[in-house]
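Written below as structure tokens is the structure these notes are about.
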Amino acid sequence: MIEGRNFIGGSWVPARSGATFTRVNPAEPADLIGTFPASGAEDVTAAVDGLAHAAAEWAETAPERRAAILEAAAAQLESHGPQLIAELVREEGKTRAEAAMEVSRTPSNLRFYAAEATRACGVTLPTAGADLVYTLREPVGIVGAITPWNFPLNIPSRKLGPALAVGDPVLFKPSELTPLMGQRLVEALLAGGLPPGVIALVQGDGVAGAAVTADQRVAAITFTGSTGVGRAIHTQVGPHRRAQLEMGGKNPVIVAEDADPERAAALIAKGAFGLSGQACTGTSRVIVTSANHDAVVDALIARAGAMKVGPGAEPGIDMGALASAAQFEKFRSYLQAGIAEGATLRCGGEAVTPGGEPGGYFVRPAVFTEARAGMRIVDEEVFGPMVAVQRAVDLDEAIELANATEFGLSAAIVTDDLAVAQRFSRRSKTGLVKINQPTTGMAMNAPFGGYKASSGGTFKEQAGASMMEFYLNEKTVYLTSGTPRTGTS
């Protein structure tokens, strides 16, 4: 069993109150992973105190040195790959294949941002006369990173990596569902040579997260999580600090009339049921024109029914456990809401007891048909392995239904018609558009972010022109040389 700690002021310490919380294996809740600090505002204040002390020196550290540290941290993660895969499966509930993908992606992220350390440069601007006008780009200051549990290594590395690359110290608050993965990432950074004063780890729930946002010395908050929490952060940060918010999704797949039903069902199942449906980009709605509706639904039901559900550590498992008892109950509540509001449950939804042994948070993937706008399963983010199928008369109505949501993260279409694909990509009100691909799965070097209630609408995450700008301030310098002296030579 792990006895976790906060990392504050260069030392591993318990919460100042002495309070702790426990984390259990969602596939086997009797398996206690460890105890971790239940941090409060006093822990966050101490963490910010330490980071503020180290900020100036880290900002002046040569970019080549910062890059080398991130490279070394990536190597540390790779050297512990098998251990991290096993721990990620145990803590979050993923399958081994899903965990292996995340563990391999995280070092690549750190190396990608290491390369950005030497690119944080300004520009020289043309001006009249002999004056010089140029820009400087400087670290924004302390960055607060509040991250979710569904990708507890990958997402934090996309926040800590760029911040550290350009010289920002980081206050890291991982989800209370995956505290061990948060600790392991900080351990790898320290083993890679990161100065201890530059990183702080504060474990705990929303109490600790709210304290991170409330401290006015935290210059920027980068957050991934629910839309409700993101909106609260945006209000608290105000106009003089920065917020990067990646929030919820209600991601549709449109199946065009020309699409092959089996191909469509395969893409839908991967996006909807992979990662146990617990991805912000996961497929939640399927919109099919009448001509293809029944064939697509039949193919999707067959795939959902064939999925092997069980502990992610076992071979041959297609879908692991939901991450917690709360996630399990949330899924069940949406299942009942779908039935009560008149949708037709075509398959799945029941709890699963692998091997006949109760205890884990396992469910069968669910498919609803006859879903309509106004139903909770159509309008709200379920964050579980459930899809609501809607029927459309034609492509125009399908696109209207796809856009009829407050969210706008990811959307996909299945079609062999290039004109249809282009029409969809232009009209989709989402930040990510996938053509003949699942709504999940993003390139490491591509911008990530949504429209509407899925994003803060400012700085993109992961890559792109605005990604590094979030972590940097820019100042413009006007330089005129001193007045030439006159007199004898």
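Residue numbering restarts at 1 for every chain of the structure tokens, chains are lettered A, B, ... in their displayed order, and ligands are numbered from 1 as they appear.
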
Neighbouring residues of range 311-316 of chain A were defined as those with any atom within 7 Å, considering only C-alpha atoms; residues of the same chain fewer than 4 positions away were excluded. Please report them as an mmCIF file with all heavy atoms, in the first residue's frame.
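Once written, part17.cif looks like this:
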```cif
data_model
loop_
_atom_site.group_PDB
_atom_site.id
_atom_site.type_symbol
_atom_site.label_atom_id
_atom_site.label_comp_id
_atom_site.auth_asym_id
_atom_site.auth_seq_id
_atom_site.Cartn_x
_atom_site.Cartn_y
_atom_site.Cartn_z
ATOM 1 N N ALA A 27 -11.700 -1.886 -10.037
ATOM 2 C CA ALA A 27 -12.028 -3.235 -10.469
ATOM 3 C C ALA A 27 -12.175 -4.195 -9.295
ATOM 4 O O ALA A 27 -12.767 -5.267 -9.429
ATOM 5 C CB ALA A 27 -10.959 -3.761 -11.428
ATOM 6 N N VAL A 89 -3.526 0.796 -14.548
ATOM 7 C CA VAL A 89 -4.652 -0.142 -14.636
ATOM 8 C C VAL A 89 -5.313 -0.292 -13.274
ATOM 9 O O VAL A 89 -6.553 -0.252 -13.149
ATOM 10 C CB VAL A 89 -4.165 -1.517 -15.154
ATOM 11 C CG1 VAL A 89 -5.255 -2.567 -14.999
ATOM 12 C CG2 VAL A 89 -3.735 -1.420 -16.608
ATOM 13 N N GLY A 93 -8.573 1.905 -13.743
ATOM 14 C CA GLY A 93 -9.502 0.914 -14.273
ATOM 15 C C GLY A 93 -9.360 0.624 -15.749
ATOM 16 O O GLY A 93 -10.097 -0.193 -16.299
ATOM 17 N N LYS A 94 -8.418 1.275 -16.425
ATOM 18 C CA LYS A 94 -8.187 1.037 -17.841
ATOM 19 C C LYS A 94 -7.809 -0.415 -18.111
ATOM 20 O O LYS A 94 -7.372 -1.142 -17.223
ATOM 21 C CB LYS A 94 -7.033 1.919 -18.344
ATOM 22 C CG LYS A 94 -7.359 3.374 -18.599
ATOM 23 C CD LYS A 94 -6.106 4.089 -19.089
ATOM 24 C CE LYS A 94 -6.423 5.460 -19.670
ATOM 25 N NZ LYS A 94 -6.916 6.408 -18.670
ATOM 26 N N THR A 95 -7.916 -0.804 -19.393
ATOM 27 C CA THR A 95 -7.323 -2.070 -19.812
ATOM 28 C C THR A 95 -5.816 -1.878 -19.950
ATOM 29 O O THR A 95 -5.308 -0.743 -20.039
ATOM 30 C CB THR A 95 -7.894 -2.524 -21.163
ATOM 31 O OG1 THR A 95 -7.482 -1.588 -22.180
ATOM 32 C CG2 THR A 95 -9.410 -2.601 -21.123
ATOM 33 N N ARG A 96 -5.095 -2.971 -20.001
ATOM 34 C CA ARG A 96 -3.635 -2.881 -20.151
ATOM 35 C C ARG A 96 -3.256 -2.192 -21.462
ATOM 36 O O ARG A 96 -2.314 -1.406 -21.511
ATOM 37 C CB ARG A 96 -2.999 -4.276 -20.095
ATOM 38 C CG ARG A 96 -2.876 -4.843 -18.693
ATOM 39 C CD ARG A 96 -1.990 -6.088 -18.693
ATOM 40 N NE ARG A 96 -0.645 -5.786 -19.149
ATOM 41 C CZ ARG A 96 0.325 -5.300 -18.379
ATOM 42 N NH1 ARG A 96 0.088 -5.032 -17.105
ATOM 43 N NH2 ARG A 96 1.530 -5.091 -18.873
ATOM 44 N N GLY A 320 -12.760 -2.001 -19.374
ATOM 45 C CA GLY A 320 -12.504 -2.178 -17.950
ATOM 46 C C GLY A 320 -13.585 -1.568 -17.087
ATOM 47 O O GLY A 320 -14.706 -1.304 -17.524
ATOM 48 N N ALA A 321 -13.236 -1.311 -15.830
ATOM 49 C CA ALA A 321 -14.190 -0.800 -14.852
ATOM 50 C C ALA A 321 -14.407 0.693 -15.030
ATOM 51 O O ALA A 321 -13.545 1.416 -15.539
ATOM 52 C CB ALA A 321 -13.677 -1.077 -13.441
#
```

- Do a neighbour search on Arg184 in chain A at 10 Å with only C-alpha atoms, toss out local chain neighbours closer than 3 positions, and write the hits as a ChimeraX atom specification. /A:77,80,84,87,153,179-181,187-190

For the residues selected in the previous step, produce a file with C-alpha atoms as an mmCIF file, in the first residue's frame.
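Full text of again.cif as output:
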```
data_model
loop_
_atom_site.group_PDB
_atom_site.id
_atom_site.type_symbol
_atom_site.label_atom_id
_atom_site.label_comp_id
_atom_site.auth_asym_id
_atom_site.auth_seq_id
_atom_site.Cartn_x
_atom_site.Cartn_y
_atom_site.Cartn_z
ATOM 1 C CA LEU A 77 9.029 7.536 -17.295
ATOM 2 C CA HIS A 80 9.458 2.649 -15.316
ATOM 3 C CA LEU A 84 3.385 2.588 -14.511
ATOM 4 C CA GLU A 87 -0.339 1.009 -11.497
ATOM 5 C CA LEU A 153 -0.413 11.005 -16.970
ATOM 6 C CA PRO A 179 -3.313 10.608 -6.848
ATOM 7 C CA LEU A 180 -0.665 7.948 -7.377
ATOM 8 C CA MET A 181 -0.233 8.801 -11.060
ATOM 9 C CA GLU A 187 8.839 11.847 -9.098
ATOM 10 C CA ALA A 188 9.936 11.445 -12.726
ATOM 11 C CA LEU A 189 10.438 15.207 -13.151
ATOM 12 C CA LEU A 190 12.526 15.397 -9.986
#
```

- For each of A:Thr124, A:Thr344, A:Thr224, A:Thr22, take the minimum atom-to-atom distance to Leu479 in chain A, counting only C-alpha atoms, then give the residue where this is smallest. A:Thr124

- Message: Given only C-alpha atoms as the basis, pick out the residue of A:Leu177, A:Ala56, A:Ala302, A:Ala67 nearest to Pro148 in chain A.
- Response: A:Leu177

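Our summary of the geometry notes that CA of Ala73 in chain A is positioned 28.2 Å from CA of Gly206 in chain A.
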
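For the pair CA of Asp258 in chain A and CA of Asp416 in chain A, the interatomic distance is 6.7 Å.
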
- Task: Can you work out which one of A:Ser39, A:Gln244, A:Thr405, A:Thr222 has the shortest atom-to-atom distance to Thr430 in chain A, counting only C-alpha atoms?
- Result: A:Thr405

- Message: According to DSSP computed on the backbone, where in range 177-246 of chain A is there strand (DSSP E or B)? Give the residues as a ChimeraX atom specification.
- Response: /A:199-201,218-224,242-246

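In this model, the gap between CA of Lys429 in chain A and CA of Arg105 in chain A comes to 28.3 Å.
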
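Among the candidates A:Met1, A:Leu335, A:Cys121, A:Ala191, the residue lying nearest to Ser79 in chain A is A:Ala191 (atoms considered: only C-alpha atoms).
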